[in-house]
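Undergrad: What follows is a structure written as structure tokens; I'll ask about it next.
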Amino acid sequence: MIAALRAVLARDVTLAFRVGGGGGIGVVFFLAVVTIVPFAVGPDLPLIARIGPAVLWIGALLASLLGLDRIFAADHEDGSLDLLLITPIPLEAIAAAKGVAHWITTGLPLVVAAPLLGLLLGLEPQALAAATATLLVGTPALTFLGLIGAALGVAMPRGGLLVAVLILPLTIPILIFGVAATTAAVTDPLPFGTPFKLIAALSLASFVLGPIAAAAALRQLRD
Amino acid sequence: MRLVAEDLACVRGGRSLFAGLGFAVHAGEALIVTGPNGAGKSSLLRLLAGLLPPAAGRIALEDGDPERSVGTAAHFVGHLDALKGALTVAENLGFARALLGAGGMEIEAALAALGLERLAEFSARMLSAGQRRRLALARLLISPRPLWLLDEPATALDADGQETLARLMAQHLSGGGLAVIATHAALKIERVVEIRLGVGGIA
Amino acid sequence: MALLDLANPHRFLALARAFIPTLALIAAVLLALGLVLGFRAPPDYQQGETVRIMFIHVPAAWIALGAYSLMAISTLGTLVWRHPLADVAAKAAAPIGAAFCLLCLVTGALWGRPMWGAYWVWDARLTSVLVLFLIYLGILALWRAIEDPGQAGRAVAILTLVGFLNVPIIKFSVDWWNTLHQPASVFRAGGPTIHPALLTPLVITAAGFGALFLALHLAAMRNEILRRRVRSLRLIAAADVEAR
């Protein structure tokens, strides 16, 4: 069973890198969002630095919604989903493996890119480290919540926008605690640990909830 | 081993495709499902594979591993070939083996059995429709499963490919395997049971 | 040699074989010379030692812009004259142009840290290059997204031309945006005149970068032609197995 799950993970990662350059597009989108913001607020570096953590989080959130709809829809379209369903492996485990693969190819590159984009926004080293740490802990939650939307949109040929609309409200708590933790790291009176632990908890909870709900949705919707 | 279906009913999109369908397939036998388009042949196969829930009735594989569902004891080759164009031919088959379980032929041997050995390192997207179908059928050989559920397996196959399919089918059945095949084309198989689905029920 | 002769990939490959080593040698000599002269140049009275970064930064920006112009002309060749090598030239130029663009951004950031106190300020010129970099990345992504080279070539051609028409508008609006919000803290660098002692290494490095770009571009074009040949041979081979 472990070997089969590893095969699912390896296949999805390989496919992501062979088709469309893996997390490349997500990172470019992230860069584009971060570039756009100063045009809206003006080239005032102290102001940009102050809203920097929020900009990084919104950019990462939007970028991680990209390609979410393809997680199951691509397998549904070419019949691979049938192959995944006639294995003795629980569908929940397969969904989790696909979620991990999606995080490796889209979430992780965003985390790696975050410090560089933070420099663009003039973040202090402290805020840079805090934003990257919260993104590392928080982006898995985005992916695994997204897994639910991906499963709900499985049979839709162009489900991308719908999936984003379904998932965005669910990600609000992660955004709140992610930005709160980063801000807390810079301004002393507030503790960094509390919101940081809360995002970690949200990530762990969605790692359990996401695959279960996604598997349930796939069972209901397949035909 | 025996595949038994009792009083099966299938409803798709609010329309009843068939009801009260029952049959038994014994080891070494192939059940051929025929009928006009829209009669529910594909749905019946998906039902047997556990990919669709039946509206009523029971499906069981008797004298098999009680721990395994019918679906996990079956190979399912549907309309779609379940191939990834960005992976090579060998990678596609290797993934299927990791997923469905090894124990059958090696990758190279299975590809050779279907005449694909020279294409092993090619991207699957370069294959023709017939070659894709051959690759989908190669999955049957890499992982031994007693029940084969094939939906129009001869589609896009040339004469040589159809002969290969008939030979593989004969080997599978003579080894005590079972098969349920939805098809319009006549297959050269001995020991065949046939059911014919009509529109709105069993003809 | 007429343009028509170059359309023949065989002729082009022979030409590339002859030119690539020569261009690479010229680039190596000029860049080595530029490096020595760059370090022997006197420090700027205002920017100090950091002015030496400009010997890389400014030519990189020129090459990034030049590569984009070359892509725009090539894509015109794809759309209007259907020249068989035009989209090869456009595709080969894109990653090299993007790399020089990135080099320009990184050196700009390294220069900005001592001069402005931050790796990045939203200076109009730097920001325009960043937007150009984004356009480059979009073009690279589109090349990768479409499997068929001919189809990808036409799609990218349209995007490249739209981008080319848009770049001056973007540049203008970014300048306007920047002057509108110009914060007092930002120090504007560089006067209209450059001291000749600084100009010589700049020109030599720029020429070296130009030769390097041409060498890399020819090599990338050669690779792309060979890659397409491998692809079509594979397609033929796959069909051959079928016919057998």
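Ligands are numbered from 1 in the order shown, chains are lettered A, B, ... in the order of the structure tokens, and residues start at 1 in each chain.
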With a distance cut-off of 8 Å and only C-alpha atoms, select the neighbouring residues of stretch 55-66 of chain A, excluding the residue or stretch itself and same-chain residues fewer than 2 positions from it, and output the selection as number ranges by chain.

TA: A: 26-27, 29-31, 33-34, 37, 51-53, 68-69, 106-107, 110, 114, 117-118, 131, 135, 139, 142-143, 146, 160, 164, 175, 178-179

Undergrad: For stretch 168-181 of chain B, please output as a list in words all residues within 6 Å (counting only C-alpha atoms; exclusion window: fewer than 2 positions along the same chain).

TA: Ala27, Gly28, Glu29, Ala30, Leu31, Ile32, Val33, Pro146, Leu147, Trp148, Leu149, Leu150, Asp151, Leu165 and Ala166 of chain B

Undergrad: Generate the output file for the selected residues, N, CA, C and O atoms, as a CSV table (one decimal), in the first residue's frame.

TA:
```
chain,number,residue,atom,x,y,z
B,27,ALA,N,-16.0,-19.9,-13.3
B,27,ALA,CA,-14.6,-19.8,-13.7
B,27,ALA,C,-14.4,-20.4,-15.1
B,27,ALA,O,-15.0,-21.4,-15.5
B,28,GLY,N,-13.6,-19.7,-15.9
B,28,GLY,CA,-13.4,-20.2,-17.3
B,28,GLY,C,-14.4,-19.7,-18.3
B,28,GLY,O,-14.4,-20.1,-19.5
B,29,GLU,N,-15.4,-19.0,-17.8
B,29,GLU,CA,-16.5,-18.5,-18.7
B,29,GLU,C,-16.3,-17.0,-19.0
B,29,GLU,O,-15.9,-16.2,-18.1
B,30,ALA,N,-16.8,-16.6,-20.1
B,30,ALA,CA,-16.9,-15.2,-20.4
B,30,ALA,C,-18.4,-14.8,-20.7
B,30,ALA,O,-19.1,-15.5,-21.3
B,31,LEU,N,-18.8,-13.7,-20.1
B,31,LEU,CA,-20.1,-13.2,-20.3
B,31,LEU,C,-20.1,-12.1,-21.3
B,31,LEU,O,-19.3,-11.1,-21.1
B,32,ILE,N,-20.8,-12.3,-22.4
B,32,ILE,CA,-20.8,-11.2,-23.4
B,32,ILE,C,-22.0,-10.4,-23.2
B,32,ILE,O,-23.1,-11.0,-23.2
B,33,VAL,N,-21.9,-9.1,-23.1
B,33,VAL,CA,-23.1,-8.2,-22.9
B,33,VAL,C,-23.2,-7.5,-24.2
B,33,VAL,O,-22.3,-6.8,-24.7
B,146,PRO,N,-8.6,-12.1,-11.1
B,146,PRO,CA,-9.4,-13.2,-11.7
B,146,PRO,C,-10.5,-12.7,-12.6
B,146,PRO,O,-10.9,-13.4,-13.6
B,147,LEU,N,-11.0,-11.5,-12.4
B,147,LEU,CA,-12.1,-11.0,-13.2
B,147,LEU,C,-11.7,-9.9,-14.2
B,147,LEU,O,-11.1,-8.9,-13.7
B,148,TRP,N,-12.0,-10.0,-15.4
B,148,TRP,CA,-11.7,-9.0,-16.4
B,148,TRP,C,-13.0,-8.3,-16.8
B,148,TRP,O,-13.9,-9.0,-17.3
B,149,LEU,N,-13.1,-7.0,-16.6
B,149,LEU,CA,-14.3,-6.3,-17.1
B,149,LEU,C,-13.8,-5.4,-18.3
B,149,LEU,O,-13.1,-4.4,-18.1
B,150,LEU,N,-14.2,-5.7,-19.5
B,150,LEU,CA,-13.8,-5.0,-20.6
B,150,LEU,C,-14.9,-4.4,-21.4
B,150,LEU,O,-15.9,-5.0,-21.7
B,151,ASP,N,-14.8,-3.1,-21.6
B,151,ASP,CA,-15.8,-2.3,-22.3
B,151,ASP,C,-15.4,-2.1,-23.7
B,151,ASP,O,-14.4,-1.3,-23.9
B,165,LEU,N,-5.9,-10.1,-28.7
B,165,LEU,CA,-6.8,-10.0,-27.6
B,165,LEU,C,-7.5,-11.3,-27.4
B,165,LEU,O,-7.7,-11.8,-26.3
B,166,ALA,N,-8.0,-11.9,-28.5
B,166,ALA,CA,-8.6,-13.2,-28.4
B,166,ALA,C,-7.7,-14.3,-27.7
B,166,ALA,O,-8.2,-15.1,-26.9
```

Undergrad: As a PDB file with N, CA and C atoms, in the first residue's frame, please: the residues near B:Ser128 (cut-off 12 Å, only C-alpha atoms, same-chain neighbours under 4 positions excluded).

TA:
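What follows is the written file around-v6.pdb:
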```pdb
ATOM      1  N   ASP B  81      -8.632   5.150 -21.946  1.00  0.00           N
ATOM      2  CA  ASP B  81      -7.511   4.243 -21.785  1.00  0.00           C
ATOM      3  C   ASP B  81      -6.736   4.462 -20.489  1.00  0.00           C
ATOM      4  N   GLY B  85      -0.446  11.154 -21.163  1.00  0.00           N
ATOM      5  CA  GLY B  85       0.349  11.444 -22.349  1.00  0.00           C
ATOM      6  C   GLY B  85       1.762  11.887 -22.057  1.00  0.00           C
ATOM      7  N   LEU B 116       4.194  -3.854 -28.318  1.00  0.00           N
ATOM      8  CA  LEU B 116       4.550  -2.456 -28.057  1.00  0.00           C
ATOM      9  C   LEU B 116       5.994  -2.300 -27.596  1.00  0.00           C
ATOM     10  N   LEU B 119       8.093   0.616 -28.471  1.00  0.00           N
ATOM     11  CA  LEU B 119       7.599   1.958 -28.127  1.00  0.00           C
ATOM     12  C   LEU B 119       7.776   2.278 -26.643  1.00  0.00           C
ATOM     13  N   PHE B 122       8.685   5.764 -25.610  1.00  0.00           N
ATOM     14  CA  PHE B 122       7.980   6.866 -26.260  1.00  0.00           C
ATOM     15  C   PHE B 122       6.956   7.467 -25.308  1.00  0.00           C
ATOM     16  N   SER B 123       6.690   8.765 -25.465  1.00  0.00           N
ATOM     17  CA  SER B 123       5.601   9.375 -24.720  1.00  0.00           C
ATOM     18  C   SER B 123       4.289   8.761 -25.177  1.00  0.00           C
ATOM     19  N   ALA B 124       3.385   8.543 -24.233  1.00  0.00           N
ATOM     20  CA  ALA B 124       2.113   7.927 -24.598  1.00  0.00           C
ATOM     21  C   ALA B 124       1.311   8.818 -25.538  1.00  0.00           C
ATOM     22  N   ARG B 132      -2.744   2.968 -28.091  1.00  0.00           N
ATOM     23  CA  ARG B 132      -3.187   3.317 -26.732  1.00  0.00           C
ATOM     24  C   ARG B 132      -4.035   2.188 -26.151  1.00  0.00           C
ATOM     25  N   ARG B 133      -4.930   1.655 -26.990  1.00  0.00           N
ATOM     26  CA  ARG B 133      -5.785   0.568 -26.531  1.00  0.00           C
ATOM     27  C   ARG B 133      -4.955  -0.667 -26.161  1.00  0.00           C
ATOM     28  N   ARG B 134      -3.940  -0.969 -26.977  1.00  0.00           N
ATOM     29  CA  ARG B 134      -3.051  -2.092 -26.663  1.00  0.00           C
ATOM     30  C   ARG B 134      -2.367  -1.886 -25.312  1.00  0.00           C
ATOM     31  N   LEU B 135      -1.939  -0.636 -25.068  1.00  0.00           N
ATOM     32  CA  LEU B 135      -1.254  -0.352 -23.807  1.00  0.00           C
ATOM     33  C   LEU B 135      -2.221  -0.513 -22.628  1.00  0.00           C
ATOM     34  N   ALA B 156     -10.736   0.285 -32.053  1.00  0.00           N
ATOM     35  CA  ALA B 156      -9.505   0.847 -32.615  1.00  0.00           C
ATOM     36  C   ALA B 156      -8.412  -0.194 -32.841  1.00  0.00           C
ATOM     37  N   LEU B 157      -8.670  -1.455 -32.462  1.00  0.00           N
ATOM     38  CA  LEU B 157      -7.638  -2.473 -32.686  1.00  0.00           C
ATOM     39  C   LEU B 157      -7.679  -2.954 -34.134  1.00  0.00           C
ATOM     40  N   ASP B 158      -6.485  -3.206 -34.722  1.00  0.00           N
ATOM     41  CA  ASP B 158      -6.435  -3.785 -36.062  1.00  0.00           C
ATOM     42  C   ASP B 158      -6.621  -5.300 -35.960  1.00  0.00           C
TER      43      ASP B 158
ATOM     44  N   LEU C 235       7.838  10.756 -33.959  1.00  0.00           N
ATOM     45  CA  LEU C 235       6.460  10.610 -34.439  1.00  0.00           C
ATOM     46  C   LEU C 235       6.420   9.641 -35.621  1.00  0.00           C
ATOM     47  N   ILE C 236       7.414   9.792 -36.522  1.00  0.00           N
ATOM     48  CA  ILE C 236       7.469   8.892 -37.676  1.00  0.00           C
ATOM     49  C   ILE C 236       7.698   7.455 -37.206  1.00  0.00           C
ATOM     50  N   ALA C 237       8.622   7.296 -36.240  1.00  0.00           N
ATOM     51  CA  ALA C 237       8.947   5.958 -35.753  1.00  0.00           C
ATOM     52  C   ALA C 237       7.737   5.300 -35.106  1.00  0.00           C
ATOM     53  N   ALA C 238       6.962   6.079 -34.325  1.00  0.00           N
ATOM     54  CA  ALA C 238       5.783   5.520 -33.669  1.00  0.00           C
ATOM     55  C   ALA C 238       4.761   5.063 -34.707  1.00  0.00           C
ATOM     56  N   ALA C 239       4.596   5.859 -35.762  1.00  0.00           N
ATOM     57  CA  ALA C 239       3.657   5.492 -36.819  1.00  0.00           C
ATOM     58  C   ALA C 239       4.173   4.274 -37.582  1.00  0.00           C
ATOM     59  N   ASP C 240       5.490   4.149 -37.671  1.00  0.00           N
ATOM     60  CA  ASP C 240       6.129   3.053 -38.379  1.00  0.00           C
ATOM     61  C   ASP C 240       5.834   1.717 -37.711  1.00  0.00           C
ATOM     62  N   VAL C 241       5.907   1.693 -36.369  1.00  0.00           N
ATOM     63  CA  VAL C 241       5.630   0.473 -35.624  1.00  0.00           C
ATOM     64  C   VAL C 241       4.199   0.036 -35.897  1.00  0.00           C
ATOM     65  N   GLU C 242       3.320   1.030 -35.991  1.00  0.00           N
ATOM     66  CA  GLU C 242       1.910   0.767 -36.266  1.00  0.00           C
ATOM     67  C   GLU C 242       1.736   0.076 -37.616  1.00  0.00           C
ATOM     68  N   ALA C 243       2.440   0.601 -38.630  1.00  0.00           N
ATOM     69  CA  ALA C 243       2.258   0.103 -39.994  1.00  0.00           C
ATOM     70  C   ALA C 243       2.806  -1.305 -40.156  1.00  0.00           C
TER      71      ALA C 243
END
```

Undergrad: Which chain C residues are at most 10 Å from chain A (counting only C-alpha atoms), as a PyMOL selection string?

TA: chain C and resi 109+117-124+127+130-131+133-135+137-138+140-147+173-174+177-186

Undergrad: So that I have them on file, write out the residues from the current selection with C-alpha atoms, as a PDB file, in the first residue's frame.

TA:
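And here's again18.pdb as it stands now:
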```pdb
ATOM      1  CA  ALA C 109      18.999  45.062  -6.003  1.00  0.00           C
ATOM      2  CA  GLY C 117      19.397  51.224   2.086  1.00  0.00           C
ATOM      3  CA  ALA C 118      17.024  48.577   0.737  1.00  0.00           C
ATOM      4  CA  TYR C 119      17.376  45.753  -1.784  1.00  0.00           C
ATOM      5  CA  TRP C 120      14.408  47.032  -3.652  1.00  0.00           C
ATOM      6  CA  VAL C 121      12.722  50.385  -3.959  1.00  0.00           C
ATOM      7  CA  TRP C 122       9.895  50.944  -6.381  1.00  0.00           C
ATOM      8  CA  ASP C 123      12.004  53.103  -8.667  1.00  0.00           C
ATOM      9  CA  ALA C 124      10.419  53.633 -12.075  1.00  0.00           C
ATOM     10  CA  THR C 127       9.940  48.482 -11.761  1.00  0.00           C
ATOM     11  CA  LEU C 130      10.428  43.862 -13.325  1.00  0.00           C
ATOM     12  CA  VAL C 131       7.285  44.114 -15.457  1.00  0.00           C
ATOM     13  CA  PHE C 133      10.617  40.159 -16.572  1.00  0.00           C
ATOM     14  CA  LEU C 134       7.011  39.161 -15.821  1.00  0.00           C
ATOM     15  CA  ILE C 135       6.171  39.373 -19.533  1.00  0.00           C
ATOM     16  CA  LEU C 137       8.047  34.603 -17.791  1.00  0.00           C
ATOM     17  CA  GLY C 138       4.566  34.586 -19.309  1.00  0.00           C
ATOM     18  CA  LEU C 140       8.215  31.145 -21.440  1.00  0.00           C
ATOM     19  CA  ALA C 141       5.168  29.581 -19.773  1.00  0.00           C
ATOM     20  CA  LEU C 142       3.157  29.778 -22.997  1.00  0.00           C
ATOM     21  CA  TRP C 143       5.974  28.091 -24.954  1.00  0.00           C
ATOM     22  CA  ARG C 144       5.895  25.230 -22.464  1.00  0.00           C
ATOM     23  CA  ALA C 145       2.122  24.963 -22.298  1.00  0.00           C
ATOM     24  CA  ILE C 146       1.469  24.152 -25.977  1.00  0.00           C
ATOM     25  CA  GLU C 147       2.801  20.852 -27.264  1.00  0.00           C
ATOM     26  CA  SER C 173       2.507  54.712 -16.902  1.00  0.00           C
ATOM     27  CA  VAL C 174       5.105  53.416 -14.430  1.00  0.00           C
ATOM     28  CA  TRP C 177       2.936  56.488 -11.232  1.00  0.00           C
ATOM     29  CA  ASN C 178       6.394  56.926  -9.781  1.00  0.00           C
ATOM     30  CA  THR C 179       6.577  60.718 -10.157  1.00  0.00           C
ATOM     31  CA  LEU C 180       3.054  61.037  -8.791  1.00  0.00           C
ATOM     32  CA  HIS C 181       4.064  59.265  -5.614  1.00  0.00           C
ATOM     33  CA  GLN C 182       7.745  60.129  -5.609  1.00  0.00           C
ATOM     34  CA  PRO C 183       8.741  59.806  -1.930  1.00  0.00           C
ATOM     35  CA  ALA C 184      11.355  62.312  -0.797  1.00  0.00           C
ATOM     36  CA  SER C 185      13.537  59.585   0.682  1.00  0.00           C
ATOM     37  CA  VAL C 186      14.412  58.020  -2.633  1.00  0.00           C
TER      38      VAL C 186
END
```

Undergrad: Up to 9 Å from chain A, what residues of chain B turn up? Count only C-alpha atoms and give them as number ranges by chain.

TA: B: 12, 43, 46, 49-52, 68-84, 86-87, 91, 94-101

Undergrad: Name the residues of stretch 65-115 of chain B that come out as alpha helix (DSSP H) in a backbone DSSP run; write them as a list in words.

TA: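 Filtering stretch 65-115 of chain B to alpha helix (DSSP H) leaves Val89, Ala90, Glu91, Asn92, Leu93, Gly94, Phe95, Ala96, Arg97, Ala98, Leu99, Leu100, Ile107, Glu108, Ala109, Ala110, Leu111, Ala112 and Ala113 of chain B.
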
Undergrad: Quick one: pull the distance between atom CA of A:Gly149 and atom CA of A:Phe177, Å, one decimal.

TA: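 Result for atom CA of A:Gly149 versus atom CA of A:Phe177: 21.8 Å, one decimal.
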
Undergrad: In Å, rounded to a single decimal, give me how far atom CA of B:Ala129 is from atom CA of A:Ala73.

TA: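 Taking atom CA of A:Ala73 and atom CA of B:Ala129, their separation equals 21.7 Å.
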
Undergrad: Could you check the closest approach to chain C for each of B:Leu137, B:Ile195, B:Met126, B:Ala24 and tell me which residue wins, using only C-alpha atoms?

TA: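 Looking at the shortest contact to chain C, the residue is B:Met126.
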
Undergrad: Identify, on the basis of only C-alpha atoms, every residue whose closest approach to C:Asn8 does not exceed 12 Å; exclude the query and any residue fewer than 5 positions from it along the same chain; express the result as a list in words.

TA: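 Listing them by chain and then by number gives Ala2, Leu3, Leu13, Ala14, Leu15, His83, Pro84, Leu85, Ala86 and Ile225 of chain C.
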
Undergrad: Skipping near chain neighbours, those fewer than 3 positions away, what residues fall within 12 Å of C:Ala99 using only C-alpha atoms, listed as a PyMOL selection string?

TA: chain C and resi 60-61+63-65+67-68+92-96+102-106+132-134+136-137+140+213+216

Undergrad: Got time to write the residues from that selection, C-alpha atoms, as an mmCIF file, in the first residue's frame?

TA:
```cif
data_model
loop_
_atom_site.group_PDB
_atom_site.id
_atom_site.type_symbol
_atom_site.label_atom_id
_atom_site.label_comp_id
_atom_site.auth_asym_id
_atom_site.auth_seq_id
_atom_site.Cartn_x
_atom_site.Cartn_y
_atom_site.Cartn_z
ATOM 1 C CA ALA C 60 22.204 43.445 -18.986
ATOM 2 C CA ALA C 61 19.240 45.816 -19.255
ATOM 3 C CA ILE C 63 20.474 43.011 -23.804
ATOM 4 C CA ALA C 64 17.159 42.213 -22.101
ATOM 5 C CA LEU C 65 15.454 44.926 -24.148
ATOM 6 C CA ALA C 67 16.396 40.320 -26.941
ATOM 7 C CA TYR C 68 12.765 41.313 -26.617
ATOM 8 C CA ALA C 92 15.633 30.537 -28.417
ATOM 9 C CA ALA C 93 15.823 34.216 -27.440
ATOM 10 C CA ALA C 94 13.189 34.058 -24.705
ATOM 11 C CA PRO C 95 15.064 32.234 -21.904
ATOM 12 C CA ILE C 96 18.308 34.115 -22.640
ATOM 13 C CA LEU C 102 16.992 38.677 -14.050
ATOM 14 C CA LEU C 103 20.692 39.606 -14.008
ATOM 15 C CA CYS C 104 19.672 43.243 -14.382
ATOM 16 C CA LEU C 105 17.172 42.965 -11.508
ATOM 17 C CA VAL C 106 19.596 41.166 -9.172
ATOM 18 C CA LEU C 132 9.357 43.184 -18.531
ATOM 19 C CA PHE C 133 10.617 40.159 -16.572
ATOM 20 C CA LEU C 134 7.011 39.161 -15.821
ATOM 21 C CA TYR C 136 9.214 37.212 -20.316
ATOM 22 C CA LEU C 137 8.047 34.603 -17.791
ATOM 23 C CA LEU C 140 8.215 31.145 -21.440
ATOM 24 C CA PHE C 213 24.010 36.791 -26.358
ATOM 25 C CA LEU C 216 24.042 31.634 -26.794
#
```

Undergrad: What does the distance between atom CA of B:Arg58 and atom CA of B:Leu8 come to in Å, to one decimal place?

TA: 6.4 Å
